[in-house]
$ cat data-v8.pdb   # PDB, C-alpha atoms and all ligand atoms
MODEL        1
ATOM      1  CA  MET A  22     -45.931  22.968 -24.301
ATOM      2  CA  HIS A  23     -44.250  21.525 -27.359
ATOM      3  CA  ARG A  24     -41.115  23.552 -26.638
ATOM      4  CA  LEU A  25     -41.135  22.357 -23.024
ATOM      5  CA  MET A  26     -41.421  18.727 -24.138
ATOM      6  CA  THR A  27     -38.525  19.197 -26.562
ATOM      7  CA  ALA A  28     -36.416  20.785 -23.822
ATOM      8  CA  MET A  29     -37.223  17.905 -21.492
ATOM      9  CA  ALA A  30     -36.325  15.355 -24.148
ATOM     10  CA  VAL A  31     -33.008  17.106 -24.846
ATOM     11  CA  CYS A  32     -32.309  17.216 -21.114
ATOM     12  CA  ALA A  33     -33.040  13.504 -20.756
ATOM     13  CA  LEU A  34     -30.602  12.809 -23.571
ATOM     14  CA  CYS A  35     -27.994  14.962 -21.782
ATOM     15  CA  LEU A  36     -28.428  12.887 -18.652
ATOM     16  CA  VAL A  37     -28.052   9.640 -20.558
ATOM     17  CA  GLY A  38     -24.909  11.075 -22.171
ATOM     18  CA  VAL A  39     -23.469  12.119 -18.821
ATOM     19  CA  GLN A  40     -24.243   8.748 -17.271
ATOM     20  CA  ALA A  41     -22.635   6.851 -20.134
ATOM     21  CA  GLN A  42     -19.438   8.855 -19.750
ATOM     22  CA  ALA A  43     -19.348   9.036 -15.960
ATOM     23  CA  ALA A  44     -16.220   7.495 -14.545
ATOM     24  CA  LEU A  45     -16.546   4.491 -12.263
ATOM     25  CA  ARG A  46     -16.369   5.643  -8.641
ATOM     26  CA  VAL A  47     -13.581   3.672  -6.980
ATOM     27  CA  VAL A  48     -12.564   4.027  -3.348
ATOM     28  CA  THR A  49      -9.289   2.454  -2.230
ATOM     29  CA  THR A  50      -8.076   2.183   1.336
ATOM     30  CA  THR A  51      -4.469   3.177   0.562
ATOM     31  CA  PRO A  52      -2.646   5.525  -1.808
ATOM     32  CA  ASP A  53      -0.741   2.559  -3.308
ATOM     33  CA  LEU A  54      -3.960   0.863  -4.388
ATOM     34  CA  ALA A  55      -5.198   4.222  -5.718
ATOM     35  CA  ALA A  56      -2.028   4.683  -7.813
ATOM     36  CA  LEU A  57      -2.332   1.182  -9.279
ATOM     37  CA  THR A  58      -6.036   1.693 -10.044
ATOM     38  CA  ARG A  59      -5.423   5.059 -11.730
ATOM     39  CA  ALA A  60      -2.613   3.539 -13.783
ATOM     40  CA  VAL A  61      -4.885   0.875 -15.267
ATOM     41  CA  GLY A  62      -8.220   2.704 -15.109
ATOM     42  CA  GLY A  63      -7.175   6.005 -16.699
ATOM     43  CA  SER A  64     -10.035   8.399 -17.397
ATOM     44  CA  HIS A  65     -12.656   5.677 -16.881
ATOM     45  CA  VAL A  66     -12.178   5.700 -13.119
ATOM     46  CA  ASP A  67     -12.571   8.355 -10.450
ATOM     47  CA  VAL A  68     -10.354   7.141  -7.605
ATOM     48  CA  TYR A  69     -10.351   8.278  -3.996
ATOM     49  CA  ALA A  70      -7.834   6.968  -1.445
ATOM     50  CA  ILE A  71      -8.934   7.000   2.194
ATOM     51  CA  ALA A  72      -5.520   6.726   3.917
ATOM     52  CA  LYS A  73      -3.238   9.575   2.898
ATOM     53  CA  GLY A  74       0.445   9.141   2.100
ATOM     54  CA  SER A  75       1.431  10.630   5.426
ATOM     55  CA  GLN A  76      -0.558   8.056   7.407
ATOM     56  CA  ASP A  77       0.306   4.643   8.749
ATOM     57  CA  PRO A  78      -2.484   2.580   7.118
ATOM     58  CA  HIS A  79      -2.830   0.448  10.253
ATOM     59  CA  TYR A  80      -4.117   3.497  12.111
ATOM     60  CA  VAL A  81      -6.637   5.702  10.289
ATOM     61  CA  ALA A  82      -9.581   7.529  11.901
ATOM     62  CA  ALA A  83     -12.957   6.355  10.528
ATOM     63  CA  LYS A  84     -14.280   9.843   9.644
ATOM     64  CA  PRO A  85     -17.889  10.511   8.508
ATOM     65  CA  SER A  86     -16.559  11.975   5.233
ATOM     66  CA  TYR A  87     -15.018   8.553   4.452
ATOM     67  CA  VAL A  88     -18.378   6.875   5.171
ATOM     68  CA  ARG A  89     -19.944   9.121   2.498
ATOM     69  CA  LYS A  90     -17.217   8.174   0.012
ATOM     70  CA  VAL A  91     -17.720   4.449   0.695
ATOM     71  CA  ASN A  92     -21.491   4.942   0.450
ATOM     72  CA  ARG A  93     -21.142   6.228  -3.134
ATOM     73  CA  ALA A  94     -18.415   3.772  -4.229
ATOM     74  CA  GLN A  95     -19.106   1.414  -7.128
ATOM     75  CA  LEU A  96     -15.898  -0.441  -6.315
ATOM     76  CA  LEU A  97     -14.069  -0.592  -2.986
ATOM     77  CA  ILE A  98     -10.536  -1.990  -3.143
ATOM     78  CA  TYR A  99      -8.812  -2.836   0.115
ATOM     79  CA  ASN A 100      -5.397  -4.207   1.053
ATOM     80  CA  GLY A 101      -6.666  -7.036   3.265
ATOM     81  CA  LEU A 102      -4.697  -9.230   5.706
ATOM     82  CA  GLU A 103      -6.225  -7.014   8.414
ATOM     83  CA  LEU A 104      -4.210  -3.928   7.471
ATOM     84  CA  GLU A 105      -7.409  -1.855   7.750
ATOM     85  CA  VAL A 106      -9.173  -3.927  10.419
ATOM     86  CA  ALA A 107      -9.235  -1.019  12.909
ATOM     87  CA  TRP A 108     -11.228   1.278  10.649
ATOM     88  CA  LEU A 109     -12.576  -0.201   7.392
ATOM     89  CA  PRO A 110     -15.335  -2.386   8.934
ATOM     90  CA  LEU A 111     -16.730   0.751  10.619
ATOM     91  CA  LEU A 112     -16.795   2.626   7.304
ATOM     92  CA  ILE A 113     -18.435  -0.273   5.452
ATOM     93  CA  GLN A 114     -21.018  -0.719   8.179
ATOM     94  CA  GLY A 115     -21.854   2.995   8.230
ATOM     95  CA  ALA A 116     -21.985   3.287   4.432
ATOM     96  CA  ARG A 117     -24.868   0.799   3.889
ATOM     97  CA  ASN A 118     -23.846   0.390   0.242
ATOM     98  CA  ARG A 119     -25.230  -2.756  -1.401
ATOM     99  CA  ALA A 120     -22.707  -2.486  -4.264
ATOM    100  CA  ILE A 121     -19.836  -3.361  -1.942
ATOM    101  CA  THR A 122     -21.307  -6.172   0.146
ATOM    102  CA  PRO A 123     -19.061  -9.243   0.595
ATOM    103  CA  GLY A 124     -19.163 -11.483  -2.451
ATOM    104  CA  SER A 125     -20.256  -8.701  -4.802
ATOM    105  CA  ALA A 126     -18.153  -7.453  -7.728
ATOM    106  CA  GLY A 127     -17.909  -4.066  -6.006
ATOM    107  CA  LEU A 128     -15.643  -5.328  -3.220
ATOM    108  CA  LEU A 129     -12.070  -6.403  -3.956
ATOM    109  CA  ASP A 130      -9.557  -7.798  -1.463
ATOM    110  CA  ALA A 131      -6.265  -7.064  -3.243
ATOM    111  CA  SER A 132      -4.308  -9.516  -1.066
ATOM    112  CA  LEU A 133      -5.971 -12.439  -2.849
ATOM    113  CA  ALA A 134      -3.668 -11.753  -5.830
ATOM    114  CA  VAL A 135      -0.367 -12.242  -3.985
ATOM    115  CA  GLU A 136       1.600 -14.881  -2.144
ATOM    116  CA  LYS A 137       1.705 -13.984   1.548
ATOM    117  CA  LEU A 138       4.702 -13.887   3.853
ATOM    118  CA  GLU A 139       4.827 -14.499   7.613
ATOM    119  CA  VAL A 140       1.510 -16.342   7.747
ATOM    120  CA  PRO A 141       1.317 -17.746  11.290
ATOM    121  CA  GLU A 142       1.552 -21.497  11.444
ATOM    122  CA  GLY A 143      -1.685 -22.966  12.727
ATOM    123  CA  GLY A 144      -3.824 -20.061  11.486
ATOM    124  CA  VAL A 145      -4.690 -16.607  12.764
ATOM    125  CA  ASP A 146      -2.497 -15.412  15.631
ATOM    126  CA  ARG A 147      -3.688 -12.465  17.712
ATOM    127  CA  SER A 148      -1.492 -13.210  20.701
ATOM    128  CA  GLN A 149      -0.174 -10.128  22.504
ATOM    129  CA  GLY A 150      -2.025  -7.743  20.203
ATOM    130  CA  ASP A 151      -0.121  -8.728  17.058
ATOM    131  CA  ILE A 152      -1.499  -6.581  14.200
ATOM    132  CA  HIS A 153      -0.397  -9.026  11.477
ATOM    133  CA  PRO A 154      -2.521 -11.989  12.588
ATOM    134  CA  GLN A 155      -3.048 -13.406   9.084
ATOM    135  CA  GLY A 156       0.411 -12.755   7.682
ATOM    136  CA  ASN A 157       2.304  -9.661   6.610
ATOM    137  CA  PRO A 158       0.029  -7.146   4.833
ATOM    138  CA  HIS A 159       2.790  -4.904   3.369
ATOM    139  CA  TYR A 160       3.014  -6.881   0.136
ATOM    140  CA  LEU A 161       2.900  -3.901  -2.233
ATOM    141  CA  LEU A 162       6.504  -3.133  -1.265
ATOM    142  CA  ASP A 163       7.541  -5.816  -3.744
ATOM    143  CA  PRO A 164       7.037  -4.406  -7.272
ATOM    144  CA  ARG A 165       6.179  -7.857  -8.604
ATOM    145  CA  ASN A 166       3.128  -7.854  -6.330
ATOM    146  CA  GLY A 167       2.104  -4.463  -7.750
ATOM    147  CA  ALA A 168       1.817  -6.089 -11.170
ATOM    148  CA  LEU A 169      -0.305  -8.935  -9.761
ATOM    149  CA  VAL A 170      -2.637  -6.534  -7.955
ATOM    150  CA  ALA A 171      -2.990  -4.315 -11.050
ATOM    151  CA  GLY A 172      -4.087  -7.464 -12.909
ATOM    152  CA  SER A 173      -6.763  -8.278 -10.352
ATOM    153  CA  VAL A 174      -7.990  -4.654 -10.393
ATOM    154  CA  VAL A 175      -8.368  -4.816 -14.178
ATOM    155  CA  GLU A 176     -10.281  -8.069 -13.923
ATOM    156  CA  ARG A 177     -12.770  -6.309 -11.654
ATOM    157  CA  LEU A 178     -12.950  -3.120 -13.766
ATOM    158  CA  ARG A 179     -13.752  -5.218 -16.838
ATOM    159  CA  GLN A 180     -16.540  -6.896 -14.923
ATOM    160  CA  LEU A 181     -18.084  -3.650 -13.655
ATOM    161  CA  ASP A 182     -17.492  -1.617 -16.821
ATOM    162  CA  PRO A 183     -17.330  -4.071 -19.774
ATOM    163  CA  GLN A 184     -17.760  -1.218 -22.254
ATOM    164  CA  HIS A 185     -14.136  -0.176 -21.632
ATOM    165  CA  ALA A 186     -12.604  -3.634 -21.257
ATOM    166  CA  ASP A 187     -10.200  -3.121 -24.168
ATOM    167  CA  ASP A 188      -8.887   0.119 -22.682
ATOM    168  CA  TYR A 189      -8.286  -1.569 -19.321
ATOM    169  CA  ASP A 190      -6.441  -4.441 -20.992
ATOM    170  CA  ALA A 191      -4.264  -2.061 -22.996
ATOM    171  CA  ALA A 192      -3.444   0.046 -19.930
ATOM    172  CA  LEU A 193      -2.569  -3.077 -17.935
ATOM    173  CA  ALA A 194      -0.266  -4.329 -20.694
ATOM    174  CA  ARG A 195       1.550  -0.953 -20.763
ATOM    175  CA  PHE A 196       1.759  -0.744 -16.975
ATOM    176  CA  THR A 197       3.072  -4.269 -16.418
ATOM    177  CA  SER A 198       5.574  -4.058 -19.256
ATOM    178  CA  ASP A 199       6.966  -0.746 -17.957
ATOM    179  CA  LEU A 200       7.034  -2.060 -14.384
ATOM    180  CA  ALA A 201       8.796  -5.287 -15.430
ATOM    181  CA  GLN A 202      11.464  -3.307 -17.257
ATOM    182  CA  ARG A 203      11.985  -0.964 -14.311
ATOM    183  CA  THR A 204      12.038  -3.938 -11.911
ATOM    184  CA  GLU A 205      14.832  -5.527 -13.898
ATOM    185  CA  GLU A 206      16.821  -2.274 -13.774
ATOM    186  CA  TRP A 207      16.303  -1.963 -10.011
ATOM    187  CA  GLU A 208      17.371  -5.582  -9.498
ATOM    188  CA  GLN A 209      20.568  -4.928 -11.439
ATOM    189  CA  ARG A 210      21.321  -1.864  -9.358
ATOM    190  CA  LEU A 211      20.640  -3.754  -6.128
ATOM    191  CA  SER A 212      22.846  -6.676  -7.078
ATOM    192  CA  GLY A 213      25.789  -4.350  -7.672
ATOM    193  CA  ALA A 214      26.994  -4.136  -4.080
ATOM    194  CA  GLY A 215      27.404  -6.127  -0.879
ATOM    195  CA  PRO A 216      24.644  -7.196   1.527
ATOM    196  CA  VAL A 217      22.737  -4.745   3.710
ATOM    197  CA  SER A 218      21.734  -5.677   7.247
ATOM    198  CA  LEU A 219      19.492  -3.376   9.223
ATOM    199  CA  ILE A 220      17.139  -2.933  12.145
ATOM    200  CA  ALA A 221      13.616  -1.777  11.205
ATOM    201  CA  PHE A 222      10.871  -0.212  13.291
ATOM    202  CA  HIS A 223       7.976  -2.417  12.136
ATOM    203  CA  ARG A 224       7.683  -5.454   9.855
ATOM    204  CA  THR A 225       7.011  -3.084   6.947
ATOM    205  CA  TRP A 226       9.843  -4.335   4.746
ATOM    206  CA  SER A 227       9.515  -8.133   4.655
ATOM    207  CA  TYR A 228       8.424  -8.280   0.993
ATOM    208  CA  LEU A 229      10.863  -5.559  -0.009
ATOM    209  CA  ALA A 230      13.693  -7.325   1.811
ATOM    210  CA  GLU A 231      12.990 -10.611   0.095
ATOM    211  CA  TRP A 232      12.904  -8.947  -3.319
ATOM    212  CA  ALA A 233      15.849  -6.589  -2.772
ATOM    213  CA  GLY A 234      18.106  -9.044  -0.930
ATOM    214  CA  VAL A 235      18.180  -6.982   2.260
ATOM    215  CA  HIS A 236      18.522  -8.602   5.677
ATOM    216  CA  VAL A 237      16.256  -7.190   8.394
ATOM    217  CA  ALA A 238      18.039  -8.450  11.513
ATOM    218  CA  ASN A 239      15.479  -7.300  14.066
ATOM    219  CA  TYR A 240      12.681  -4.839  14.861
ATOM    220  CA  ILE A 241      12.236  -1.965  17.283
ATOM    221  CA  GLU A 242       8.670  -3.167  17.866
ATOM    222  CA  GLU A 243       8.736  -6.360  19.906
ATOM    223  CA  LYS A 244       5.752  -7.625  17.883
ATOM    224  CA  PRO A 245       3.904  -5.832  15.075
ATOM    225  CA  GLY A 246       2.056  -2.979  16.803
ATOM    226  CA  ILE A 247       3.717  -3.550  20.188
ATOM    227  CA  PRO A 248       6.201  -0.794  21.208
ATOM    228  CA  ALA A 249       9.680  -1.687  22.450
ATOM    229  CA  GLY A 250      10.434  -1.811  26.152
ATOM    230  CA  PRO A 251      13.820  -0.561  27.474
ATOM    231  CA  ARG A 252      15.208  -4.106  27.789
ATOM    232  CA  HIS A 253      14.418  -4.843  24.141
ATOM    233  CA  LEU A 254      16.268  -1.681  23.072
ATOM    234  CA  VAL A 255      19.349  -2.748  25.063
ATOM    235  CA  ARG A 256      19.239  -6.148  23.338
ATOM    236  CA  LEU A 257      19.044  -4.402  19.961
ATOM    237  CA  VAL A 258      22.098  -2.240  20.705
ATOM    238  CA  ASP A 259      24.025  -5.396  21.715
ATOM    239  CA  GLN A 260      22.932  -7.141  18.540
ATOM    240  CA  MET A 261      23.951  -4.180  16.364
ATOM    241  CA  GLN A 262      27.411  -4.169  17.906
ATOM    242  CA  ALA A 263      27.819  -7.946  17.685
ATOM    243  CA  GLU A 264      26.671  -8.127  14.059
ATOM    244  CA  GLY A 265      28.094  -4.817  12.818
ATOM    245  CA  ILE A 266      24.678  -3.422  11.863
ATOM    246  CA  ARG A 267      25.063   0.199  10.819
ATOM    247  CA  THR A 268      21.537   1.147   9.697
ATOM    248  CA  VAL A 269      18.220   1.689  11.461
ATOM    249  CA  VAL A 270      15.338   2.071   9.021
ATOM    250  CA  LEU A 271      11.978   3.746   9.582
ATOM    251  CA  ALA A 272       8.965   4.040   7.306
ATOM    252  CA  HIS A 273       8.191   7.707   6.648
ATOM    253  CA  TYR A 274       5.127   7.531   8.902
ATOM    254  CA  ASN A 275       6.817   5.764  11.845
ATOM    255  CA  PRO A 276       7.483   7.751  15.023
ATOM    256  CA  THR A 277      11.136   8.839  14.923
ATOM    257  CA  ARG A 278      12.084   9.001  18.618
ATOM    258  CA  SER A 279      12.900   5.349  19.365
ATOM    259  CA  GLY A 280      14.580   4.897  15.969
ATOM    260  CA  LYS A 281      16.772   7.937  16.448
ATOM    261  CA  SER A 282      17.666   6.941  19.995
ATOM    262  CA  LEU A 283      18.585   3.402  18.847
ATOM    263  CA  ALA A 284      20.668   4.723  15.938
ATOM    264  CA  ASP A 285      22.540   7.057  18.344
ATOM    265  CA  ARG A 286      23.191   4.327  20.890
ATOM    266  CA  GLY A 287      24.204   1.777  18.245
ATOM    267  CA  LYS A 288      26.335   4.321  16.334
ATOM    268  CA  ALA A 289      24.261   3.657  13.231
ATOM    269  CA  ASP A 290      22.672   5.797  10.530
ATOM    270  CA  LEU A 291      18.947   6.473  10.603
ATOM    271  CA  LEU A 292      17.344   5.877   7.215
ATOM    272  CA  VAL A 293      13.767   7.019   6.510
ATOM    273  CA  LEU A 294      12.249   5.226   3.521
ATOM    274  CA  PRO A 295       8.911   5.887   1.808
ATOM    275  CA  ALA A 296       6.562   3.011   2.635
ATOM    276  CA  SER A 297       3.772   4.137   0.327
ATOM    277  CA  VAL A 298       2.930   6.230  -2.679
ATOM    278  CA  ASP A 299       2.427   9.899  -1.695
ATOM    279  CA  ALA A 300       4.984   9.573   1.118
ATOM    280  CA  PHE A 301       6.983  12.449  -0.361
ATOM    281  CA  ASP A 302       6.375  14.957  -3.167
ATOM    282  CA  ASP A 303       8.519  12.967  -5.600
ATOM    283  CA  VAL A 304       6.756   9.675  -4.811
ATOM    284  CA  GLN A 305       3.418  10.044  -6.602
ATOM    285  CA  GLU A 306       3.407   6.959  -8.834
ATOM    286  CA  TYR A 307       3.958   3.326  -7.875
ATOM    287  CA  VAL A 308       7.309   3.201  -9.719
ATOM    288  CA  ASP A 309       8.504   6.347  -7.871
ATOM    289  CA  LEU A 310       8.308   4.415  -4.619
ATOM    290  CA  PHE A 311      10.903   1.866  -5.729
ATOM    291  CA  GLU A 312      13.094   4.394  -7.481
ATOM    292  CA  ARG A 313      13.429   6.238  -4.178
ATOM    293  CA  ILE A 314      13.924   3.058  -2.095
ATOM    294  CA  VAL A 315      16.464   1.520  -4.474
ATOM    295  CA  SER A 316      18.460   4.778  -4.571
ATOM    296  CA  ALA A 317      18.502   4.859  -0.766
ATOM    297  CA  LEU A 318      19.653   1.222  -0.531
ATOM    298  CA  GLU A 319      22.393   1.863  -3.087
ATOM    299  CA  ALA A 320      23.592   4.746  -0.930
ATOM    300  CA  VAL A 321      23.583   2.530   2.182
ATOM    301  CA  ARG A 322      25.628  -0.093   0.372
ATOM    302  CA  SER A 323      28.163   2.453  -0.710
ATOM    303  CA  GLY A 324      28.399   3.716   2.899
ATOM    304  CA  LYS A 325      26.640   7.064   2.267
ATOM    305  CA  PRO A 326      22.998   6.908   3.406
TER     306      PRO A 326
HETATM  307 ZN    ZN B 401       2.129  -3.738   9.536
ENDMDL
END

$ encode --input "data-v8.pdb" --output "structure tokens" --more "lines below"
Ligand SMILES: [Zn+2]
Amino acid sequence: MHRLMTAMAVCALCLVGVQAQAALRVVTTTPDLAALTRAVGGSHVDVYAIAKGSQDPHYVAAKPSYVRKVNRAQLLIYNGLELEVAWLPLLIQGARNRAITPGSAGLLDASLAVEKLEVPEGGVDRSQGDIHPQGNPHYLLDPRNGALVAGSVVERLRQLDPQHADDYDAALARFTSDLAQRTEEWEQRLSGAGPVSLIAFHRTWSYLAEWAGVHVANYIEEKPGIPAGPRHLVRLVDQMQAEGIRTVVLAHYNPTRSGKSLADRGKADLLVLPASVDAFDDVQEYVDLFERIVSALEAVRSGKP
């Protein structure tokens, strides 16, 4: 009996030990948010991204396995601005997890940290099925916004796991200092050549364009989420000829057919850029995303995409 009691006591201590060391279970909606959270959370967080790098985050299937992940999450970080509106509410509803109810520390809308672009005047605009009704949600394609979001993630990690607050602060300082230095280098490289004007598939690049000094002249989609009709494509070809636009750009997850057809008809190059972390094998960290994009834009500017 005595031995049994001792064994039980030792076991209880083990459990306490395991619990104290267990990493905080974080679920993010996108691989970008996961990369930022891992960068500042280190070994204190166990991060799972729902949307994979190959997926357009506007369109993700709400699978039961994701409901289980959200059910166990201690922190759910989402992009916001309705990027995930087609699938995240279903996952949250199915998960019945009190830790992530609105207003609780376990739920973080990352968009609150950044200044938004393309916010419709007069409030939310859902006319004609527009999937950016509250403004453009692709804000992590400006590296300066990555630093802001990492800061808001750390604020929340400190709140949920105060024991490791110093580690989170130190990791954030390292991450933002490295990112600022890289951002300066990228800006120098981007300023080294003439302007780039292009046609994009979707309004993926608004933040990137503003940061990188790129001009997106028009879009293959007539409105975000609305495919182009034949007349719109004819107008785009005319515009490309009139304005000398030589590049059509797609995000890696965009369908290629209309982009390729437009590039052929407009005698332009088709450029496929990574729009998220995990888009390609060599784009696994947040900084990799911009390294790849900046290199591609440099090539466009030198006439060799
Ligand atoms: Zn979008």

$ atom_distance --input "data-v8.pdb" --atom1 "CA of Tyr274 (chain A)" --atom2 "CA of Val321 (chain A)"
20.3 Å

$ resolve_selection --input "data-v8.pdb" --expression "the PyMOL selection byres (((chain A and resi 313) around 10) and not hetatm)" --output "PyMOL selection string"
chain A and resi 294-295+301+303-304+308-312+314-318

$ write_last_selection --input "data-v8.pdb" --atoms "C-alpha atoms" --output "short mmCIF file (atom, residue, chain, number, x, y, z; two decimals), in the coordinates of the input"
data_model
loop_
_atom_site.label_atom_id
_atom_site.label_comp_id
_atom_site.auth_asym_id
_atom_site.auth_seq_id
_atom_site.Cartn_x
_atom_site.Cartn_y
_atom_site.Cartn_z
CA LEU A 294 12.25 5.23 3.52
CA PRO A 295 8.91 5.89 1.81
CA PHE A 301 6.98 12.45 -0.36
CA ASP A 303 8.52 12.97 -5.60
CA VAL A 304 6.76 9.68 -4.81
CA VAL A 308 7.31 3.20 -9.72
CA ASP A 309 8.50 6.35 -7.87
CA LEU A 310 8.31 4.42 -4.62
CA PHE A 311 10.90 1.87 -5.73
CA GLU A 312 13.09 4.39 -7.48
CA ILE A 314 13.92 3.06 -2.10
CA VAL A 315 16.46 1.52 -4.47
CA SER A 316 18.46 4.78 -4.57
CA ALA A 317 18.50 4.86 -0.77
CA LEU A 318 19.65 1.22 -0.53
#

$ residues_near_ligand --input "data-v8.pdb" --ligand "ligand ZN 401 (chain B)" --cutoff "10 Å" --atoms "all atoms listed in the file" --output "compact mmCIF listing (two decimals) with C-alpha atoms, in the frame of the given file"
# COMPACT_ATOMS: atom_id res chain seq x y z
CA ASP A 77 0.31 4.64 8.75
CA PRO A 78 -2.48 2.58 7.12
CA HIS A 79 -2.83 0.45 10.25
CA TYR A 80 -4.12 3.50 12.11
CA LEU A 102 -4.70 -9.23 5.71
CA GLU A 103 -6.22 -7.01 8.41
CA LEU A 104 -4.21 -3.93 7.47
CA GLU A 105 -7.41 -1.86 7.75
CA ASP A 151 -0.12 -8.73 17.06
CA ILE A 152 -1.50 -6.58 14.20
CA HIS A 153 -0.40 -9.03 11.48
CA PRO A 154 -2.52 -11.99 12.59
CA GLY A 156 0.41 -12.76 7.68
CA ASN A 157 2.30 -9.66 6.61
CA PRO A 158 0.03 -7.15 4.83
CA HIS A 159 2.79 -4.90 3.37
CA TYR A 160 3.01 -6.88 0.14
CA HIS A 223 7.98 -2.42 12.14
CA ARG A 224 7.68 -5.45 9.86
CA THR A 225 7.01 -3.08 6.95
CA TRP A 226 9.84 -4.34 4.75
CA SER A 227 9.52 -8.13 4.66
CA LYS A 244 5.75 -7.62 17.88
CA PRO A 245 3.90 -5.83 15.08
CA GLY A 246 2.06 -2.98 16.80

$ atom_distance --input "data-v8.pdb" --atom1 "CA of Pro183 (chain A)" --atom2 "CA of Gly167 (chain A)"
22.9 Å

$ closest_residue --input "data-v8.pdb" --among "A:Gln260, A:His273, A:Arg46, A:Leu133" --to "Asp299 (chain A)" --atoms "all atoms listed in the file"
A:His273

$ atom_distance --input "data-v8.pdb" --atom1 "CA of Asp190 (chain A)" --atom2 "CA of Val61 (chain A)"
8.0 Å

$ residues_around --input "data-v8.pdb" --residues "Arg119 (chain A)" --least-positions-apart "3" --cutoff "10 Å" --atoms "only C-alpha atoms" --output "list of chain:residue names"
A:Asn92, A:Ala94, A:Gln95, A:Ile113, A:Ala116, A:Thr122, A:Pro123, A:Ser125, A:Gly127

$ write_last_selection --input "data-v8.pdb" --atoms "C-alpha atoms" --output "PDB file, in the coordinates of the input"
ATOM      1  CA  ASN A  92     -21.491   4.942   0.450  1.00  0.00           C
ATOM      2  CA  ALA A  94     -18.415   3.772  -4.229  1.00  0.00           C
ATOM      3  CA  GLN A  95     -19.106   1.414  -7.128  1.00  0.00           C
ATOM      4  CA  ILE A 113     -18.435  -0.273   5.452  1.00  0.00           C
ATOM      5  CA  ALA A 116     -21.985   3.287   4.432  1.00  0.00           C
ATOM      6  CA  THR A 122     -21.307  -6.172   0.146  1.00  0.00           C
ATOM      7  CA  PRO A 123     -19.061  -9.243   0.595  1.00  0.00           C
ATOM      8  CA  SER A 125     -20.256  -8.701  -4.802  1.00  0.00           C
ATOM      9  CA  GLY A 127     -17.909  -4.066  -6.006  1.00  0.00           C
TER      10      GLY A 127
END

$ residues_around --input "data-v8.pdb" --residues "region 84-90 of chain A" --least-positions-apart "5" --cutoff "7 Å" --atoms "all atoms listed in the file" --output "PyMOL selection string"
chain A and resi 71+112+115-116

$ resolve_selection --input "data-v8.pdb" --expression "the PyMOL selection byres (((chain A and resi 132) around 9) and not hetatm)" --output "list in words"
Tyr99, Asn100, Gly101, Leu102, Leu129, Asp130, Ala131, Leu133, Ala134, Val135, Glu136, Lys137, Pro158, Tyr160 and Val170 of chain A

$ closest_residue --input "data-v8.pdb" --among "A:Val47, A:Ile266, A:Val174, A:Val258" --to "Val237 (chain A)" --atoms "all atoms listed in the file"
A:Ile266

$ closest_residue --input "data-v8.pdb" --among "A:Ala230, A:Leu45, A:Leu291, A:Ala296" --to "Lys73 (chain A)" --atoms "all atoms listed in the file"
A:Ala296

$ closest_residue --input "data-v8.pdb" --among "A:Gly62, A:Pro52, A:Pro164, A:Gly324" --to "Arg177 (chain A)" --atoms "all atoms listed in the file"
A:Gly62

$ resolve_selection --input "data-v8.pdb" --expression "the PyMOL selection byres (((chain A and resi 256) around 12) and not hetatm)" --output "PyMOL selection string"
chain A and resi 220+239-241+243+249-255+257-263+283+286-287

$ axis_aligned_box --input "data-v8.pdb" --around "region 273-286 of chain A" --padding-each-side "4 Å" --output "JSON"
{"center_x": 14.2, "center_y": 6.2, "center_z": 13.8, "size_x": 26.1, "size_y": 13.6, "size_z": 22.2}

$ residues_around --input "data-v8.pdb" --residues "Arg267 (chain A)" --least-positions-apart "2" --cutoff "8 Å" --atoms "all atoms listed in the file" --output "PyMOL selection string"
chain A and resi 218-219+261+265+269+287-290
